[in-house]
>>> print(open('coords_28.tsv').read())   # TSV, C-alpha atoms
chain	number	residue	atom	x	y	z
A	1	MET	CA	35.15	41.62	193.18
A	2	ALA	CA	37.73	38.94	194.01
A	3	ILE	CA	38.21	35.22	194.34
A	4	LYS	CA	36.79	34.22	197.69
A	5	PHE	CA	35.91	31.14	199.64
A	6	PHE	CA	32.28	30.72	200.66
A	7	GLY	CA	32.87	31.95	204.23
A	8	GLN	CA	34.46	35.21	203.10
A	9	TYR	CA	31.51	35.77	200.77
A	10	LEU	CA	28.99	35.19	203.58
A	11	LEU	CA	30.95	37.55	205.84
A	12	GLU	CA	31.04	40.31	203.23
A	13	GLN	CA	27.33	39.87	202.55
A	14	GLY	CA	26.59	40.25	206.28
A	15	VAL	CA	24.95	36.79	206.42
A	16	ILE	CA	27.29	35.71	209.23
A	17	ASN	CA	29.66	37.59	211.52
A	18	SER	CA	33.37	36.95	212.03
A	19	GLU	CA	32.83	34.96	215.26
A	20	GLN	CA	30.40	32.62	213.48
A	21	LEU	CA	32.82	32.19	210.57
A	22	LEU	CA	35.67	31.40	212.92
A	23	GLU	CA	33.52	28.83	214.78
A	24	ALA	CA	32.64	27.11	211.50
A	25	ILE	CA	36.26	27.05	210.28
A	26	THR	CA	37.38	25.67	213.65
A	27	LEU	CA	34.77	22.90	213.39
A	28	GLN	CA	36.01	22.13	209.87
A	29	GLU	CA	39.59	21.93	211.15
A	30	GLU	CA	38.51	19.46	213.84
A	31	LYS	CA	36.45	17.25	211.51
A	32	ASN	CA	38.42	17.41	208.25
A	33	LEU	CA	41.44	15.25	209.01
A	34	LYS	CA	44.58	15.31	206.90
A	35	PHE	CA	45.17	12.20	204.78
A	36	GLY	CA	47.48	10.49	207.28
A	37	GLU	CA	45.25	11.29	210.25
A	38	TYR	CA	42.23	10.03	208.34
A	39	ALA	CA	43.96	6.79	207.27
A	40	LEU	CA	44.98	6.19	210.91
A	41	ALA	CA	41.52	7.01	212.31
A	42	LYS	CA	39.88	4.60	209.84
A	43	GLY	CA	42.40	1.82	210.56
A	44	PHE	CA	44.09	1.76	207.15
A	45	VAL	CA	47.49	2.32	208.80
A	46	THR	CA	48.88	1.79	212.30
A	47	GLU	CA	50.80	4.20	214.56
A	48	ALA	CA	53.98	2.25	213.70
A	49	ASP	CA	53.23	2.71	209.96
A	50	VAL	CA	52.78	6.47	210.49
A	51	THR	CA	56.16	6.68	212.21
A	52	ARG	CA	57.86	4.92	209.27
A	53	ILE	CA	56.03	7.06	206.72
A	54	LYS	CA	56.94	10.32	208.50
A	55	SER	CA	60.53	9.20	208.73
A	56	LEU	CA	60.64	8.70	204.95
A	57	GLN	CA	58.94	12.09	204.43
A	58	GLN	CA	61.78	13.74	206.35
A	59	THR	CA	64.28	12.61	203.75
A	60	GLU	CA	62.17	12.73	200.59
A	61	ASP	CA	59.62	15.25	199.31
A	62	LEU	CA	56.63	12.87	199.24
A	63	TYR	CA	52.97	13.12	200.16
A	64	PHE	CA	51.81	10.76	202.93
A	65	GLY	CA	50.09	8.44	200.43
A	66	GLU	CA	53.11	8.34	198.11
A	67	ALA	CA	55.40	7.48	201.03
A	68	ALA	CA	52.99	4.77	202.22
A	69	VAL	CA	53.00	3.20	198.73
A	70	ARG	CA	56.80	3.42	198.52
A	71	LEU	CA	57.04	1.53	201.84
A	72	GLU	CA	54.43	-0.99	200.60
A	73	ILE	CA	52.13	-0.11	203.51
A	74	LEU	CA	49.35	0.90	201.08
A	75	THR	CA	48.72	0.18	197.41
A	76	ASP	CA	47.87	2.87	194.86
A	77	SER	CA	44.28	1.63	194.70
A	78	ARG	CA	43.95	1.72	198.51
A	79	VAL	CA	45.27	5.31	198.53
A	80	ALA	CA	42.64	6.24	195.92
A	81	GLU	CA	39.96	4.50	198.00
A	82	ILE	CA	40.98	6.43	201.15
A	83	LEU	CA	41.02	9.72	199.22
A	84	GLN	CA	37.49	9.00	198.00
A	85	LEU	CA	36.28	8.19	201.54
A	86	GLN	CA	38.03	11.29	202.91
A	87	ASN	CA	36.32	13.37	200.23
A	88	ASN	CA	32.92	11.84	201.04
A	89	ASP	CA	33.38	12.66	204.74
A	90	HIS	CA	34.54	16.24	204.11
A	91	LEU	CA	32.59	18.81	206.10
A	92	TYR	CA	31.94	21.86	203.94
A	93	LEU	CA	31.67	25.33	205.43
A	94	GLY	CA	27.94	25.61	204.77
A	95	GLU	CA	27.38	22.26	206.49
A	96	ALA	CA	29.48	23.41	209.45
A	97	LEU	CA	27.39	26.57	209.80
A	98	VAL	CA	24.20	24.45	209.76
A	99	GLN	CA	25.62	21.96	212.29
A	100	ILE	CA	26.49	24.77	214.70
A	101	GLY	CA	23.05	26.31	214.16
A	102	HIS	CA	24.07	29.65	212.64
A	103	LEU	CA	22.26	29.02	209.33
A	104	ASP	CA	19.66	26.62	208.00
A	105	ASP	CA	20.00	24.45	204.89
A	106	ALA	CA	17.75	26.63	202.75
A	107	THR	CA	19.73	29.79	203.56
A	108	VAL	CA	23.02	28.03	202.79
A	109	ASP	CA	21.67	26.77	199.45
A	110	GLU	CA	20.36	30.19	198.52
A	111	HIS	CA	23.67	31.93	199.24
A	112	LEU	CA	25.72	29.11	197.73
A	113	GLN	CA	23.95	29.69	194.40
A	114	ALA	CA	24.59	33.43	194.58
A	115	PHE	CA	28.22	32.77	195.57
A	116	ARG	CA	28.72	30.48	192.58
A	117	GLN	CA	27.27	33.11	190.27
A	118	ASP	CA	29.59	35.72	191.80
A	119	GLN	CA	32.62	33.49	191.32
A	120	ASP	CA	31.63	32.38	187.80
A	121	GLN	CA	33.28	35.53	186.47
A	122	TYR	CA	36.59	34.06	187.63
A	123	SER	CA	36.16	30.64	186.05
A	124	SER	CA	39.05	30.02	183.70
A	125	ASN	CA	38.76	30.87	180.06
A	126	GLN	CA	40.31	28.39	177.70
A	127	ILE	CA	43.97	29.37	177.49
A	128	GLU	CA	46.12	26.94	175.56
A	129	VAL	CA	49.39	26.44	177.42
A	130	PRO	CA	51.86	24.21	175.51
A	131	ALA	CA	52.64	20.84	177.11
A	132	ALA	CA	56.29	21.93	177.35
A	133	ALA	CA	55.25	24.03	180.36
A	134	GLY	CA	55.03	20.75	182.30
A	135	ASP	CA	53.99	21.16	185.96
A	136	MET	CA	53.68	24.92	185.55
A	137	ALA	CA	50.91	24.71	182.92
A	138	LYS	CA	47.98	25.05	185.33
A	139	SER	CA	49.60	27.89	187.30
A	140	ALA	CA	50.53	29.70	184.08
A	141	GLU	CA	46.99	29.37	182.76
A	142	LEU	CA	45.62	30.86	185.98
A	143	VAL	CA	48.14	33.71	186.05
A	144	ILE	CA	47.43	34.72	182.43
A	145	ASP	CA	43.67	34.41	182.83
A	146	LEU	CA	43.50	36.33	186.11
A	147	THR	CA	45.84	39.06	184.87
A	148	GLU	CA	43.41	39.64	182.01
A	149	LYS	CA	40.38	39.57	184.35
A	150	MET	CA	41.93	41.83	186.99
A	151	LEU	CA	42.94	44.39	184.36
A	152	LEU	CA	39.25	44.67	183.58
A	153	ARG	CA	38.13	44.58	187.24
A	154	VAL	CA	40.72	46.92	188.73
A	155	ALA	CA	41.40	49.26	185.83
A	156	ASP	CA	38.53	48.76	183.36
A	157	ILE	CA	41.13	47.86	180.72
A	158	ARG	CA	40.23	45.19	178.16
A	159	ALA	CA	43.42	43.34	177.30
A	160	LYS	CA	43.64	40.47	174.87
A	161	ALA	CA	46.01	37.60	175.60
A	162	GLY	CA	48.04	36.42	172.61
A	163	ALA	CA	49.56	33.01	171.96
A	164	VAL	CA	51.24	31.31	174.91
A	165	THR	CA	54.83	30.23	174.32
A	166	VAL	CA	57.39	28.26	176.30
A	167	GLY	CA	61.08	29.11	176.02
A	168	ASN	CA	63.82	31.46	177.16
A	169	VAL	CA	62.41	34.51	178.91
A	170	GLU	CA	62.68	37.69	176.86
A	171	VAL	CA	61.71	40.94	178.54
A	172	PRO	CA	60.87	43.81	176.18
A	173	ASP	CA	63.01	46.96	176.56
A	174	GLY	CA	61.57	50.00	178.28
A	175	GLN	CA	58.86	48.24	180.25
A	176	ILE	CA	58.13	48.26	183.97
A	177	ILE	CA	58.99	44.79	185.30
A	178	THR	CA	57.37	43.46	188.46
A	179	ALA	CA	57.95	40.03	189.96
A	180	VAL	CA	56.32	38.12	192.78
A	181	ARG	CA	57.04	34.74	194.35
A	182	ALA	CA	54.84	32.27	196.20
A	183	ASN	CA	56.40	29.38	198.11
A	184	GLY	CA	54.93	26.29	199.67
A	185	SER	CA	53.74	23.01	198.22
A	186	LEU	CA	54.86	24.46	194.89
A	187	SER	CA	57.10	27.37	193.93
A	188	LEU	CA	55.56	30.01	191.70
A	189	ASP	CA	57.48	32.95	190.18
A	190	MET	CA	55.32	35.33	188.22
A	191	VAL	CA	56.63	38.32	186.25
A	192	LEU	CA	54.54	41.06	184.65
A	193	THR	CA	56.08	43.56	182.25
A	194	LEU	CA	54.01	46.57	181.24
A	195	SER	CA	54.50	49.46	178.82
A	196	GLU	CA	54.52	52.89	180.45
A	197	ASP	CA	51.09	53.71	178.99
A	198	LEU	CA	49.45	50.57	180.28
A	199	ALA	CA	51.12	50.96	183.69
A	200	THR	CA	49.92	54.56	183.93
A	201	GLY	CA	46.39	53.44	183.02
A	202	ILE	CA	46.37	50.91	185.87
A	203	ALA	CA	47.87	53.40	188.33
A	204	GLY	CA	45.27	56.01	187.37
A	205	ALA	CA	42.48	53.56	188.10
A	206	ILE	CA	43.90	52.80	191.56
A	207	VAL	CA	45.05	56.25	192.69
A	208	GLY	CA	42.39	58.35	190.95
A	209	PRO	CA	42.45	61.66	189.08
A	210	ASP	CA	45.34	63.06	191.16
A	211	LEU	CA	47.81	60.71	189.45
A	212	ALA	CA	49.05	63.33	186.98
A	213	ALA	CA	50.44	65.34	189.91
A	214	GLU	CA	52.14	62.32	191.48
A	215	SER	CA	55.69	61.05	191.00
A	216	ARG	CA	56.57	58.05	188.84
A	217	ASP	CA	57.16	56.13	192.09
A	218	ILE	CA	53.44	55.89	192.64
A	219	VAL	CA	52.98	54.33	189.19
A	220	ILE	CA	55.61	51.69	190.09
A	221	ASP	CA	53.95	51.19	193.48
A	222	SER	CA	50.51	50.81	191.85
A	223	ILE	CA	51.84	48.11	189.54
A	224	ARG	CA	53.37	46.21	192.46
A	225	GLU	CA	49.96	46.33	194.12
A	226	PHE	CA	48.24	45.20	190.92
A	227	VAL	CA	50.63	42.22	190.76
A	228	ASN	CA	49.93	41.56	194.44
A	229	ILE	CA	46.18	41.47	193.72
A	230	VAL	CA	46.60	39.13	190.74
A	231	SER	CA	48.96	36.78	192.58
A	232	GLY	CA	46.81	36.77	195.74
A	233	ASN	CA	43.82	35.70	193.67
A	234	VAL	CA	45.90	33.10	191.80
A	235	ILE	CA	46.93	31.65	195.15
A	236	ALA	CA	43.33	31.58	196.37
A	237	LYS	CA	42.46	29.49	193.30
A	238	LEU	CA	45.45	27.15	193.77
A	239	VAL	CA	44.65	26.70	197.47
A	240	GLN	CA	41.09	25.74	196.52
A	241	SER	CA	42.74	22.95	194.47
A	242	GLY	CA	44.71	21.70	197.48
A	243	ALA	CA	47.96	23.70	197.33
A	244	SER	CA	49.48	25.41	200.36
A	245	LEU	CA	51.24	28.68	199.53
A	246	GLU	CA	52.68	31.82	201.11
A	247	LEU	CA	52.96	35.00	199.07
A	248	GLU	CA	55.98	37.32	199.24
A	249	PRO	CA	55.71	41.08	198.60
A	250	PRO	CA	56.17	41.98	194.90
A	251	ARG	CA	59.48	43.48	193.66
A	252	THR	CA	60.32	45.84	190.80
A	253	LEU	CA	63.15	44.50	188.62
A	254	THR	CA	65.47	45.92	185.99
A	255	VAL	CA	65.77	44.19	182.62
A	256	ASP	CA	69.20	42.76	183.58
A	257	ASP	CA	68.07	41.32	186.92
A	258	PRO	CA	69.90	38.01	187.55
A	259	SER	CA	66.62	36.27	188.40
A	260	LEU	CA	65.58	36.67	184.75
A	261	ALA	CA	68.89	35.71	183.13
A	262	ALA	CA	68.88	32.45	181.16
A	263	GLN	CA	65.49	31.53	182.59
A	264	ARG	CA	62.89	29.42	180.86
A	265	GLY	CA	59.31	30.41	181.24
A	266	VAL	CA	55.76	30.43	179.95
A	267	SER	CA	55.11	33.80	178.27
A	268	CYS	CA	51.98	35.46	176.96
A	269	GLU	CA	51.71	38.91	175.40
A	270	LEU	CA	48.86	41.18	176.42
A	271	ALA	CA	47.54	43.80	174.04
A	272	SER	CA	45.14	46.60	174.94
A	273	PRO	CA	44.23	50.04	173.58
A	274	GLU	CA	46.13	51.53	176.56
A	275	GLY	CA	49.37	49.65	175.87
A	276	ASN	CA	50.90	46.22	176.01
A	277	GLY	CA	52.67	43.87	178.36
A	278	VAL	CA	53.88	40.33	178.89
A	279	VAL	CA	52.83	37.83	181.55
A	280	ILE	CA	55.59	35.35	182.41
A	281	VAL	CA	55.63	32.34	184.71
A	282	LEU	CA	59.15	31.04	185.27
A	283	ILE	CA	59.89	27.35	184.90
A	284	LYS	CA	62.36	25.98	187.45
B	1	MET	CA	28.48	62.41	216.45
B	2	SER	CA	32.26	62.53	216.11
B	3	LYS	CA	33.88	60.77	213.20
B	4	LYS	CA	35.62	57.43	213.79
B	5	ARG	CA	39.38	57.75	213.28
B	6	VAL	CA	40.90	55.32	210.77
B	7	LEU	CA	44.55	54.18	210.50
B	8	ILE	CA	45.47	52.56	207.16
B	9	VAL	CA	48.25	49.96	207.09
B	10	ASP	CA	49.48	48.90	203.65
B	11	ASP	CA	52.93	48.77	202.05
B	12	SER	CA	51.38	50.10	198.85
B	13	ILE	CA	51.10	53.90	198.86
B	14	ALA	CA	48.67	53.60	195.95
B	15	ILE	CA	46.27	51.33	197.85
B	16	ALA	CA	46.64	53.44	201.00
B	17	ARG	CA	45.71	56.49	198.92
B	18	GLN	CA	42.73	54.66	197.44
B	19	LEU	CA	41.50	53.67	200.92
B	20	GLN	CA	42.18	57.19	202.21
B	21	ASN	CA	39.99	58.64	199.42
B	22	ILE	CA	37.19	56.24	200.35
B	23	VAL	CA	37.44	57.09	204.06
B	24	GLU	CA	37.64	60.85	203.47
B	25	ALA	CA	34.61	60.81	201.17
B	26	SER	CA	32.46	59.36	203.96
B	27	GLU	CA	30.62	61.36	206.60
B	28	ASP	CA	31.34	59.07	209.51
B	29	PHE	CA	35.07	58.28	209.20
B	30	GLU	CA	38.24	60.34	209.35
B	31	PHE	CA	41.67	59.33	207.97
B	32	ILE	CA	44.35	59.87	210.62
B	33	GLY	CA	47.41	58.28	209.05
B	34	HIS	CA	49.18	55.60	207.08
B	35	ALA	CA	51.69	52.94	208.15
B	36	GLY	CA	53.73	51.04	205.57
B	37	ASN	CA	54.31	47.82	207.52
B	38	GLY	CA	53.35	46.01	210.72
B	39	LEU	CA	56.04	47.62	212.87
B	40	GLU	CA	54.98	51.13	211.92
B	41	ALA	CA	51.37	50.12	212.50
B	42	ILE	CA	52.11	49.12	216.09
B	43	LYS	CA	53.94	52.41	216.76
B	44	ARG	CA	51.13	54.46	215.28
B	45	TYR	CA	48.48	52.45	217.12
B	46	ARG	CA	50.27	53.21	220.42
B	47	SER	CA	50.69	56.90	219.68
B	48	GLU	CA	47.39	57.69	217.99
B	49	SER	CA	44.86	55.16	219.36
B	50	PRO	CA	42.73	54.96	216.21
B	51	ASP	CA	39.11	53.79	216.44
B	52	VAL	CA	39.64	51.31	213.62
B	53	VAL	CA	42.54	49.95	211.55
B	54	LEU	CA	42.47	48.79	207.91
B	55	MET	CA	45.30	46.23	207.75
B	56	ASP	CA	47.04	44.55	204.80
B	57	LEU	CA	48.55	41.10	205.42
B	58	VAL	CA	51.48	40.68	203.00
B	59	MET	CA	53.98	43.41	203.92
B	60	PRO	CA	57.77	43.67	204.27
B	61	GLU	CA	59.53	43.87	207.69
B	62	MET	CA	56.50	42.78	209.70
B	63	ASP	CA	53.43	41.16	208.19
B	64	GLY	CA	49.84	41.99	209.06
B	65	LEU	CA	49.13	38.85	211.10
B	66	THR	CA	52.01	39.58	213.49
B	67	ALA	CA	50.89	43.19	213.77
B	68	ILE	CA	47.30	42.16	214.52
B	69	ARG	CA	48.44	39.79	217.28
B	70	THR	CA	50.64	42.51	218.81
B	71	ILE	CA	48.02	45.27	218.62
B	72	VAL	CA	45.32	43.04	220.13
B	73	GLY	CA	47.86	42.21	222.87
B	74	ILE	CA	48.15	45.94	223.60
B	75	ASP	CA	44.42	46.64	223.28
B	76	LYS	CA	42.07	43.67	223.40
B	77	ASP	CA	39.23	45.86	222.08
B	78	ALA	CA	41.19	46.94	218.98
B	79	LYS	CA	39.02	47.04	215.88
B	80	ILE	CA	41.02	45.74	212.94
B	81	VAL	CA	39.68	45.00	209.46
B	82	VAL	CA	41.98	43.00	207.20
B	83	VAL	CA	42.10	44.14	203.56
B	84	SER	CA	44.10	41.58	201.61
B	85	SER	CA	44.66	40.01	198.24
B	86	VAL	CA	44.85	36.60	199.98
B	87	ALA	CA	41.40	36.88	201.60
B	88	GLY	CA	40.29	34.05	199.32
B	89	VAL	CA	42.44	31.66	201.34
B	90	SER	CA	40.37	30.32	204.24
B	91	GLU	CA	43.44	29.53	206.40
B	92	LYS	CA	44.60	33.15	206.19
B	93	VAL	CA	41.16	34.47	207.10
B	94	ALA	CA	40.91	32.01	210.00
B	95	GLU	CA	44.36	33.06	211.29
B	96	ALA	CA	43.48	36.75	211.10
B	97	LEU	CA	40.20	36.23	212.96
B	98	LYS	CA	41.89	34.02	215.58
B	99	PHE	CA	44.46	36.74	216.19
B	100	GLY	CA	41.66	39.23	216.79
B	101	ALA	CA	40.73	40.86	213.46
B	102	LYS	CA	37.06	41.82	213.42
B	103	SER	CA	36.46	41.33	209.71
B	104	VAL	CA	38.19	40.62	206.42
B	105	LEU	CA	37.84	42.24	202.99
B	106	ALA	CA	39.24	40.88	199.73
B	107	LYS	CA	41.27	42.93	197.24
B	108	PRO	CA	40.18	44.29	194.83
B	109	PHE	CA	37.47	45.95	196.93
B	110	GLU	CA	34.53	48.25	196.33
B	111	ALA	CA	34.23	51.57	198.18
B	112	ASP	CA	30.77	50.90	199.58
B	113	LYS	CA	31.88	47.47	200.86
B	114	VAL	CA	34.83	49.07	202.69
B	115	LEU	CA	32.57	51.59	204.43
B	116	GLU	CA	29.90	48.99	205.16
B	117	THR	CA	32.52	46.76	206.82
B	118	LEU	CA	34.00	49.67	208.81
B	119	ARG	CA	30.51	50.53	210.10
B	120	SER	CA	29.84	46.90	211.01
B	121	VAL	CA	32.85	46.76	213.37
B	122	CYS	CA	32.63	50.27	214.88
>>> encode(input="coords_28.tsv", output="structure tokens")
Amino acid sequence: MAIKFFGQYLLEQGVINSEQLLEAITLQEEKNLKFGEYALAKGFVTEADVTRIKSLQQTEDLYFGEAAVRLEILTDSRVAEILQLQNNDHLYLGEALVQIGHLDDATVDEHLQAFRQDQDQYSSNQIEVPAAAGDMAKSAELVIDLTEKMLLRVADIRAKAGAVTVGNVEVPDGQIITAVRANGSLSLDMVLTLSEDLATGIAGAIVGPDLAAESRDIVIDSIREFVNIVSGNVIAKLVQSGASLELEPPRTLTVDDPSLAAQRGVSCELASPEGNGVVIVLIK
Amino acid sequence: MSKKRVLIVDDSIAIARQLQNIVEASEDFEFIGHAGNGLEAIKRYRSESPDVVLMDLVMPEMDGLTAIRTIVGIDKDAKIVVVSSVAGVSEKVAEALKFGAKSVLAKPFEADKVLETLRSVC
């Protein structure tokens, strides 16, 4: 019921245990070298080159390959060639489990097919994000898409995403506003505003039938957790695409919070029979 | 057979309540308490010696990974199951297992999967 990597799926299915998973991940970490390590191991760069490249990376926010090109140690086409070779040599988790002897090829193939079917439900729907969103377009698409999907998964609420716009952030009055930040190879600020009715619907699905007797605090808390679930799954998707991110705990904001003032963002309205909301990804 | 005693660690009261309902509806587990962050989890682990801990990762004050490392330092046989929204990130899962977690569950979760995982580590 969530975005997973293949190892987590195998663990939850009871196909492997946690020790076997850890062994396979450790083998992957040993074999799957980072770009610079790989380029050095294959003789594309020397130790002296690596020192110069790392020195440049300390002053400028560049990937190893970009820094190597800037210093004229590698050309763009050589970087592409190394990336291709590195990709060809990548040891996948299923292969690692076979190499260690925990699974055989046929079992891996069988579960890989089932895993792909399980994860198909999280493949992105076509959401048109305007080009003005720039670097944030992919993240915004994921956030909108997964908010819609998790509303259905967590709360059985079918919400329909409206048109996606880029511009100054406008938060509707009277809504519960929850924000979450992820930092790392990119910075992602996601904001979800929800009408009271929609928020109560989500909280009811999480807490259960006792919600009516609970305080409003638990509704707010449920929405923070919902945002945590959406953002955690967004990050899992982005990490699968090569990003490295750490998630902070979600926060509840007021409409006049300084972090929202004069901000540009990608916004998308959500409409459902239970209420409405807006998904926002801030643009830095 | 006596019920296994479960400590739930999550900064979300809503999720803690959801897990508590799942645990209390089972015949083989008993909910003994809730901690809202890693620091509280360590205190409660020391005072109540639960049989198994359900542990979130992203929490204020002290995160779940630090709490796992500390609890396993206190009791090398501690049975900790991570329940996290970032369980789709292989590095996070690897870190949790290296620090001594026995298993990892992704959020959102299903009740039967929670109980199945608890039984597999107890």
>>> residues_around(input="coords_28.tsv", residues="B:Leu7", least_positions_apart="6", cutoff="8 Å", atoms="only C-alpha atoms", output="ChimeraX atom specification")
/B:31-35,45,50,52-54
>>> atom_distance(input="coords_28.tsv", atom1="atom CA of A:Val239", atom2="atom CA of A:Leu33")
16.6 Å
>>> closest_residue(input="coords_28.tsv", among="B:Glu91, B:Glu116, B:Asp11, B:Glu110", to="B:Gly38", atoms="only C-alpha atoms")
B:Asp11
>>> closest_residue(input="coords_28.tsv", among="A:Lys138, A:Ser267, A:Ile280, A:Gln113", to="A:Ser241", atoms="only C-alpha atoms")
A:Lys138
>>> closest_residue(input="coords_28.tsv", among="B:Phe29, B:Ile22, B:Leu65, B:Val9", to="B:Arg44", atoms="all atoms listed in the file")
B:Val9
>>> closest_atom_pairs(input="coords_28.tsv", of="chain A", to="chain B", cutoff="8 Å", atoms="only C-alpha atoms", output="tab-separated table")
residue	atom	partner	partner_atom	distance
A:Met1	CA	B:Pro108	CA	5.9
A:Ala2	CA	B:Pro108	CA	5.9
A:Ile3	CA	B:Gly88	CA	5.5
A:Lys4	CA	B:Gly88	CA	3.9
A:Phe5	CA	B:Gly88	CA	5.3
A:Gly7	CA	B:Ser90	CA	7.7
A:Gln8	CA	B:Gly88	CA	7.0
A:Leu11	CA	B:Ser103	CA	7.7
A:Glu12	CA	B:Leu105	CA	7.1
A:Asn17	CA	B:Ser103	CA	8.0
A:Ser18	CA	B:Ser103	CA	5.8
A:Glu19	CA	B:Leu97	CA	7.8
A:Leu22	CA	B:Ala94	CA	6.0
A:Ile25	CA	B:Ala94	CA	6.8
A:Arg153	CA	B:Pro108	CA	7.9
A:Val154	CA	B:Pro108	CA	6.7
A:Ala203	CA	B:Ala14	CA	7.7
A:Ile206	CA	B:Gln18	CA	6.3
A:Val207	CA	B:Gln18	CA	5.5
A:Gly208	CA	B:Gln18	CA	7.5
A:Ile218	CA	B:Ala14	CA	6.2
A:Asp221	CA	B:Ser12	CA	6.1
A:Ser222	CA	B:Ala14	CA	5.3
A:Arg224	CA	B:Ser12	CA	7.7
A:Glu225	CA	B:Ser12	CA	6.2
A:Asn228	CA	B:Ser85	CA	6.7
A:Ile229	CA	B:Ser85	CA	5.0
A:Val230	CA	B:Ser85	CA	7.8
A:Ser231	CA	B:Ser85	CA	7.8
A:Gly232	CA	B:Ser85	CA	4.6
A:Asn233	CA	B:Ser85	CA	6.3
A:Ile235	CA	B:Val86	CA	7.2
A:Ala236	CA	B:Gly88	CA	4.9
A:Lys237	CA	B:Gly88	CA	7.9
A:Val239	CA	B:Val89	CA	6.7
A:Gln240	CA	B:Val89	CA	7.8
A:Leu247	CA	B:Val58	CA	7.1
A:Glu248	CA	B:Val58	CA	6.8
A:Pro249	CA	B:Met59	CA	6.1
>>> atom_distance(input="coords_28.tsv", atom1="atom CA of B:Val82", atom2="atom CA of A:Lys34")
27.8 Å
>>> residues_around(input="coords_28.tsv", residues="A:Phe35", least_positions_apart="5", cutoff="9 Å", atoms="all atoms listed in the file", output="list in words")
Leu40, Phe64, Gly65, Ile82, Leu83 and Gln86 of chain A
>>> decode(input="coords_28.tsv", residues="stretch 95-141 of chain A", atoms="C-alpha atoms", output="PDB file, in the first residue's frame")
ATOM      1  CA  GLU A  95      20.942  -9.998  -8.589  1.00  0.00           C
ATOM      2  CA  ALA A  96      22.635  -9.417  -5.229  1.00  0.00           C
ATOM      3  CA  LEU A  97      20.244 -11.852  -3.528  1.00  0.00           C
ATOM      4  CA  VAL A  98      21.009 -14.464  -6.215  1.00  0.00           C
ATOM      5  CA  GLN A  99      24.782 -13.890  -5.954  1.00  0.00           C
ATOM      6  CA  ILE A 100      24.684 -14.406  -2.191  1.00  0.00           C
ATOM      7  CA  GLY A 101      22.522 -17.504  -2.672  1.00  0.00           C
ATOM      8  CA  HIS A 102      19.376 -16.387  -0.841  1.00  0.00           C
ATOM      9  CA  LEU A 103      17.138 -16.617  -3.934  1.00  0.00           C
ATOM     10  CA  ASP A 104      17.339 -18.149  -7.386  1.00  0.00           C
ATOM     11  CA  ASP A 105      16.757 -16.321 -10.680  1.00  0.00           C
ATOM     12  CA  ALA A 106      13.299 -17.775 -11.229  1.00  0.00           C
ATOM     13  CA  THR A 107      12.091 -16.691  -7.773  1.00  0.00           C
ATOM     14  CA  VAL A 108      13.476 -13.185  -8.295  1.00  0.00           C
ATOM     15  CA  ASP A 109      11.751 -12.906 -11.697  1.00  0.00           C
ATOM     16  CA  GLU A 110       8.463 -14.148 -10.297  1.00  0.00           C
ATOM     17  CA  HIS A 111       8.460 -11.650  -7.416  1.00  0.00           C
ATOM     18  CA  LEU A 112       9.797  -8.834  -9.588  1.00  0.00           C
ATOM     19  CA  GLN A 113       6.728  -9.171 -11.817  1.00  0.00           C
ATOM     20  CA  ALA A 114       4.397  -9.129  -8.819  1.00  0.00           C
ATOM     21  CA  PHE A 115       6.310  -6.149  -7.376  1.00  0.00           C
ATOM     22  CA  ARG A 116       5.932  -4.205 -10.619  1.00  0.00           C
ATOM     23  CA  GLN A 117       2.206  -4.923 -10.664  1.00  0.00           C
ATOM     24  CA  ASP A 118       1.950  -3.752  -7.046  1.00  0.00           C
ATOM     25  CA  GLN A 119       3.807  -0.535  -7.822  1.00  0.00           C
ATOM     26  CA  ASP A 120       1.930   0.121 -11.090  1.00  0.00           C
ATOM     27  CA  GLN A 121      -0.818   1.763  -9.047  1.00  0.00           C
ATOM     28  CA  TYR A 122       1.703   4.482  -8.194  1.00  0.00           C
ATOM     29  CA  SER A 123       2.881   5.143 -11.735  1.00  0.00           C
ATOM     30  CA  SER A 124       2.300   8.790 -12.531  1.00  0.00           C
ATOM     31  CA  ASN A 125      -0.861   9.878 -14.226  1.00  0.00           C
ATOM     32  CA  GLN A 126      -0.452  12.548 -16.843  1.00  0.00           C
ATOM     33  CA  ILE A 127      -0.499  15.828 -14.945  1.00  0.00           C
ATOM     34  CA  GLU A 128       0.303  18.860 -17.053  1.00  0.00           C
ATOM     35  CA  VAL A 129       2.630  21.136 -15.102  1.00  0.00           C
ATOM     36  CA  PRO A 130       3.375  24.421 -16.936  1.00  0.00           C
ATOM     37  CA  ALA A 131       6.973  24.907 -18.089  1.00  0.00           C
ATOM     38  CA  ALA A 132       7.158  27.989 -15.846  1.00  0.00           C
ATOM     39  CA  ALA A 133       7.565  25.572 -12.915  1.00  0.00           C
ATOM     40  CA  GLY A 134      11.124  24.995 -14.165  1.00  0.00           C
ATOM     41  CA  ASP A 135      13.147  22.531 -12.051  1.00  0.00           C
ATOM     42  CA  MET A 136      10.196  21.945  -9.728  1.00  0.00           C
ATOM     43  CA  ALA A 137       7.941  20.523 -12.475  1.00  0.00           C
ATOM     44  CA  LYS A 138       8.752  16.850 -11.845  1.00  0.00           C
ATOM     45  CA  SER A 139       8.486  17.175  -8.050  1.00  0.00           C
ATOM     46  CA  ALA A 140       5.212  19.089  -8.356  1.00  0.00           C
ATOM     47  CA  GLU A 141       3.779  16.453 -10.677  1.00  0.00           C
TER      48      GLU A 141
END
